[in-house]
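Single-structure report; data block below.
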Protein chains: 4
Amino acid sequence: MAEVLVSSVVEAPVEVTWETIRRFDAAAEFLPFVETSPVEDGREPTAVGAVRVVTQKDGGVFREVLVAHSDADHFYAYTFVGSPIPVRNHRTTLGLRPITDGDRTLAEWSSRFDIAPEHEAELVGLMETNFLAGLQALSAQLAAR
Amino acid sequence: MAEVLVSSVVEAPVEVTWETIRRFDAAAEFLPFVETSPVEDGREPTAVGAVRVVTQKDGGVFREVLVAHSDADHFYAYTFVGSPIPVRNHRTTLGLRPITDGDRTLAEWSSRFDIAPEHEAELVGLMETNFLAGLQALSAQLAAR
Amino acid sequence: MAEVLVSSVVEAPVEVTWETIRRFDAAAEFLPFVETSPVEDGREPTAVGAVRVVTQKDGGVFREVLVAHSDADHFYAYTFVGSPIPVRNHRTTLGLRPITDGDRTLAEWSSRFDIAPEHEAELVGLMETNFLAGLQALSAQLAAR
Amino acid sequence: MAEVLVSSVVEAPVEVTWETIRRFDAAAEFLPFVETSPVEDGREPTAVGAVRVVTQKDGGVFREVLVAHSDADHFYAYTFVGSPIPVRNHRTTLGLRPITDGDRTLAEWSSRFDIAPEHEAELVGLMETNFLAGLQALSAQLAAR
């Protein structure tokens, strides 16, 4: 199984950071590589079972279903549906933890999946690059407020 | 802080049990002491942030907000809004775990909250009674299918 | 990644069950397929970092290092050292949860590891058989007290 | 129930940080307010069940029992035995999480306990002050290497 973990300090309090990212369709608002990320069929953006369509600026399209969401513990998790990338047992989680010293946030973006060995390094590399760029952009956006 | 935990074996596989309870408005369908449990404002019954109105057969009414939900790990959590019972820092969680030996389910219903000492025993007792009656009714209903 | 989960109801309270299994060298006392399971070098049997040598009745020998232990939450975890079975990223966890209805225990024995595809089914099958036999023997032993 | 959480960024990789703090008797080596912290009776410093005697520089003495330890997940937990402070249901946990961006560590020191209302603010304040001073001293010590 491949496992990816990217974590970065976000220069904003955890409540502010969570408010920015908690809607499953908000990806396009804080991820620089995402063009659009609407939820299908008018579903609510915090409804477990809702599907979002992430269209990346490079043209890649991913349909992702929300499999867990927690306002209580500040995380959500999703898996691919109809992905162009053939993975199995996939789950990606984006979660936040308070850093009380400085009233900041640790953002953790992790994924695990099974994939054919010849494709593992490519997908792991892509996720690591995108997750880090995403968290750093989120921090820059919130720090600039 | 008061802590309540009630757990009981449900005589059905975890996927069947979860399908029965996963909607936040399904309480009236498996809890013998609940008359109605609709979600307000046409919200989706798995949307974190949705509020359900639980009307008990004894006339008691509770408004509860969904604060976490997970199809991935088979649990949801909620807290009171506008409760007649003055508690603070309340969270109740209903979750399921597979019992592979026999293909059954362990259902765990737990709650924690701060409450004035003179009311603690009453609310703890009420929860313990209701949670156990609810889980046993759920098991009986599923075993009878 | 291969994942194994075996869980079974033990007919004894969680405190009694934990007392029986909590020492890392106690395996031979409740697992019918284990001949001996001493901890090496006089280490303490709850010391994280301690190594036990499990000699099975079929002659198989496993050296296992304790990587986590919790009296607070009733579990311990270990990984192989110098195993005859070539696995990577292995961790096995044995944990207990109270079943309040009947004052019993749910025992959960789970493992995850990477292994060459041609050996996966064999090791998964061996673990499932041994874990289930072990938990059922534990329950029988405690129920007979 | 009172709950305390102090978290701070440590300027060292998680493996280095864990190596520094993982022994239960290492408190005196990284906490500026601790004079000595030996484990009693020659017990091993990662053995769950071991008791350490923390003598603070202000003269305060605490006996604490290790109730959980994990090399796998980088945390340990303890509770008071024979404390001069009358608390109930106490557990304190010191844990680490990797911050991959910069190869640093988030250290989280948390505690929860029941205490008489008139003493709660004092103990919470003391813990918050000590935990923060401790984590900042740990970071300074490791960054200076």
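Following the order of the structure tokens, first chain is A, next is B, and so on, with residues numbered from 1 inside each chain and ligands from 1 in the order they appear.
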Can you list, as an mmCIF file with all heavy atoms, in the first residue's frame, every protein, DNA or RNA residue that comes within 8 Å of His74 (chain B) when you count only C-alpha atoms, leaving out same-chain residues fewer than 4 positions away?
```
data_model
loop_
_atom_site.group_PDB
_atom_site.id
_atom_site.type_symbol
_atom_site.label_atom_id
_atom_site.label_comp_id
_atom_site.auth_asym_id
_atom_site.auth_seq_id
_atom_site.Cartn_x
_atom_site.Cartn_y
_atom_site.Cartn_z
ATOM 1 N N TRP B 18 -25.409 -0.519 9.560
ATOM 2 C CA TRP B 18 -25.117 0.871 9.220
ATOM 3 C C TRP B 18 -26.153 1.427 8.262
ATOM 4 O O TRP B 18 -26.610 2.576 8.420
ATOM 5 C CB TRP B 18 -23.705 0.995 8.623
ATOM 6 C CG TRP B 18 -23.330 2.392 8.250
ATOM 7 C CD1 TRP B 18 -23.002 2.853 7.008
ATOM 8 C CD2 TRP B 18 -23.243 3.526 9.126
ATOM 9 N NE1 TRP B 18 -22.720 4.195 7.050
ATOM 10 C CE2 TRP B 18 -22.866 4.631 8.339
ATOM 11 C CE3 TRP B 18 -23.470 3.721 10.496
ATOM 12 C CZ2 TRP B 18 -22.696 5.917 8.867
ATOM 13 C CZ3 TRP B 18 -23.304 4.994 11.027
ATOM 14 C CH2 TRP B 18 -22.925 6.067 10.218
ATOM 15 N N ARG B 22 -27.737 4.972 9.402
ATOM 16 C CA ARG B 22 -26.822 6.044 8.989
ATOM 17 C C ARG B 22 -27.492 7.395 8.731
ATOM 18 O O ARG B 22 -26.857 8.434 8.871
ATOM 19 C CB ARG B 22 -26.000 5.636 7.761
ATOM 20 C CG ARG B 22 -26.765 5.573 6.483
ATOM 21 C CD ARG B 22 -25.889 5.112 5.325
ATOM 22 N NE ARG B 22 -25.041 6.157 4.776
ATOM 23 C CZ ARG B 22 -25.455 7.068 3.892
ATOM 24 N NH1 ARG B 22 -26.693 7.097 3.460
ATOM 25 N NH2 ARG B 22 -24.618 7.971 3.438
ATOM 26 N N HIS B 69 -19.951 12.674 10.738
ATOM 27 C CA HIS B 69 -20.615 11.527 10.099
ATOM 28 C C HIS B 69 -19.570 10.820 9.259
ATOM 29 O O HIS B 69 -18.763 11.459 8.580
ATOM 30 C CB HIS B 69 -21.770 12.015 9.215
ATOM 31 C CG HIS B 69 -22.614 10.888 8.665
ATOM 32 N ND1 HIS B 69 -22.226 10.104 7.607
ATOM 33 C CD2 HIS B 69 -23.820 10.413 9.059
ATOM 34 C CE1 HIS B 69 -23.162 9.196 7.366
ATOM 35 N NE2 HIS B 69 -24.134 9.361 8.223
ATOM 36 N N SER B 70 -19.574 9.483 9.319
ATOM 37 C CA SER B 70 -18.563 8.751 8.568
ATOM 38 C C SER B 70 -19.117 7.449 8.010
ATOM 39 O O SER B 70 -19.347 6.495 8.757
ATOM 40 C CB SER B 70 -17.349 8.460 9.459
ATOM 41 O OG SER B 70 -16.402 7.679 8.738
ATOM 42 N N GLY B 95 -21.770 4.520 17.036
ATOM 43 C CA GLY B 95 -20.854 3.921 16.072
ATOM 44 C C GLY B 95 -20.945 2.409 16.061
ATOM 45 O O GLY B 95 -21.442 1.789 17.015
ATOM 46 N N LEU B 96 -20.454 1.824 14.990
ATOM 47 C CA LEU B 96 -20.522 0.379 14.781
ATOM 48 C C LEU B 96 -19.144 -0.194 14.494
ATOM 49 O O LEU B 96 -18.314 0.458 13.857
ATOM 50 C CB LEU B 96 -21.423 0.070 13.571
ATOM 51 C CG LEU B 96 -22.815 0.655 13.582
ATOM 52 C CD1 LEU B 96 -23.550 0.254 12.311
ATOM 53 C CD2 LEU B 96 -23.597 0.226 14.809
ATOM 54 N N ARG B 97 -18.892 -1.410 14.947
ATOM 55 C CA ARG B 97 -17.670 -2.146 14.646
ATOM 56 C C ARG B 97 -18.046 -3.570 14.245
ATOM 57 O O ARG B 97 -18.934 -4.160 14.850
ATOM 58 C CB ARG B 97 -16.741 -2.193 15.864
ATOM 59 C CG ARG B 97 -16.387 -0.818 16.404
ATOM 60 C CD ARG B 97 -15.558 -0.906 17.662
ATOM 61 N NE ARG B 97 -14.185 -1.232 17.369
ATOM 62 C CZ ARG B 97 -13.239 -0.331 17.070
ATOM 63 N NH1 ARG B 97 -13.546 0.953 17.036
ATOM 64 N NH2 ARG B 97 -12.012 -0.711 16.835
#
```
### Message
Using only C-alpha atoms, I'd like every residue of chain B that has an atom within 10 Å of chain D; please write them out as a PyMOL selection string.
### Response
chain B and resi 1-2+89+112-115
### Query
Skipping near chain neighbours, those fewer than 3 positions away, what residues fall within 10 Å of Ile21 (chain C) using only C-alpha atoms, listed as a list in words?
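So, after excluding close chain neighbours, the residues are Val16, Thr17, Trp18, Phe24, Asp25, Ala26, Ala27, Ala28, Glu29, Phe30, Leu31, His74, Phe75, Tyr76, Leu94, Gly95, Leu96 and Leu138 of chain C.
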### Which residue of C:Ala50, C:Leu135, C:Ala77, C:Val34 approaches Thr93 (chain C) most closely, using only C-alpha atoms
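Looking only at the distances to Thr93 (chain C), the closest residue turns out to be C:Ala77.
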### Message
I need the residues in chain C that are alpha helix (DSSP H) according to DSSP; give them as a PyMOL selection string.
### Response
chain C and resi 14-21+27-30+117-143
### Task
Would you mind listing what lies within 8 Å of Asp58 (chain B) as a PyMOL selection string, with only C-alpha atoms counted and same-chain residues fewer than 2 positions away left out?
chain B and resi 33+56+60
Restricting it to N, CA and C atoms, dump the selection as a PDB file, in the first residue's frame.
```pdb
ATOM      1  N   PHE B  33     -38.526   4.439  21.642  1.00  0.00           N
ATOM      2  CA  PHE B  33     -39.020   5.549  22.453  1.00  0.00           C
ATOM      3  C   PHE B  33     -39.134   6.849  21.660  1.00  0.00           C
ATOM      4  N   GLN B  56     -39.892  12.415  21.534  1.00  0.00           N
ATOM      5  CA  GLN B  56     -40.021  11.121  22.196  1.00  0.00           C
ATOM      6  C   GLN B  56     -41.486  10.811  22.479  1.00  0.00           C
ATOM      7  N   GLY B  60     -41.042  14.357  25.380  1.00  0.00           N
ATOM      8  CA  GLY B  60     -39.792  15.105  25.388  1.00  0.00           C
ATOM      9  C   GLY B  60     -39.342  15.447  23.973  1.00  0.00           C
TER      10      GLY B  60
END
```
Residues near Ala137 (chain C), cut-off 9 Å, only C-alpha atoms, skip fewer than 4 positions along chain, as a PDB file with N, CA, C and O atoms, in the first residue's frame:
```pdb
ATOM      1  N   PHE C  30      -2.609 -18.329  26.807  1.00  0.00           N
ATOM      2  CA  PHE C  30      -3.994 -18.333  26.300  1.00  0.00           C
ATOM      3  C   PHE C  30      -4.106 -18.688  24.816  1.00  0.00           C
ATOM      4  O   PHE C  30      -5.204 -18.816  24.301  1.00  0.00           O
ATOM      5  N   LEU C  31      -2.981 -18.877  24.124  1.00  0.00           N
ATOM      6  CA  LEU C  31      -3.048 -19.246  22.705  1.00  0.00           C
ATOM      7  C   LEU C  31      -2.723 -20.726  22.546  1.00  0.00           C
ATOM      8  O   LEU C  31      -1.597 -21.151  22.832  1.00  0.00           O
ATOM      9  N   PRO C  32      -3.687 -21.512  22.084  1.00  0.00           N
ATOM     10  CA  PRO C  32      -3.483 -22.973  22.055  1.00  0.00           C
ATOM     11  C   PRO C  32      -2.392 -23.419  21.097  1.00  0.00           C
ATOM     12  O   PRO C  32      -1.865 -24.514  21.246  1.00  0.00           O
ATOM     13  N   LEU C 132      -8.512 -16.296  15.147  1.00  0.00           N
ATOM     14  CA  LEU C 132      -9.840 -16.745  15.580  1.00  0.00           C
ATOM     15  C   LEU C 132      -9.721 -17.867  16.611  1.00  0.00           C
ATOM     16  O   LEU C 132     -10.406 -17.841  17.653  1.00  0.00           O
ATOM     17  N   ALA C 133      -8.843 -18.826  16.345  1.00  0.00           N
ATOM     18  CA  ALA C 133      -8.648 -19.912  17.317  1.00  0.00           C
ATOM     19  C   ALA C 133      -8.176 -19.348  18.653  1.00  0.00           C
ATOM     20  O   ALA C 133      -8.604 -19.803  19.728  1.00  0.00           O
ATOM     21  N   GLN C 141     -11.446 -20.245  27.989  1.00  0.00           N
ATOM     22  CA  GLN C 141     -10.651 -20.315  29.219  1.00  0.00           C
ATOM     23  C   GLN C 141     -11.238 -19.417  30.310  1.00  0.00           C
ATOM     24  O   GLN C 141     -11.354 -19.814  31.471  1.00  0.00           O
ATOM     25  N   LEU C 142     -11.640 -18.202  29.920  1.00  0.00           N
ATOM     26  CA  LEU C 142     -12.148 -17.260  30.914  1.00  0.00           C
ATOM     27  C   LEU C 142     -13.567 -17.625  31.345  1.00  0.00           C
ATOM     28  O   LEU C 142     -13.931 -17.439  32.511  1.00  0.00           O
TER      29      LEU C 142
END
```
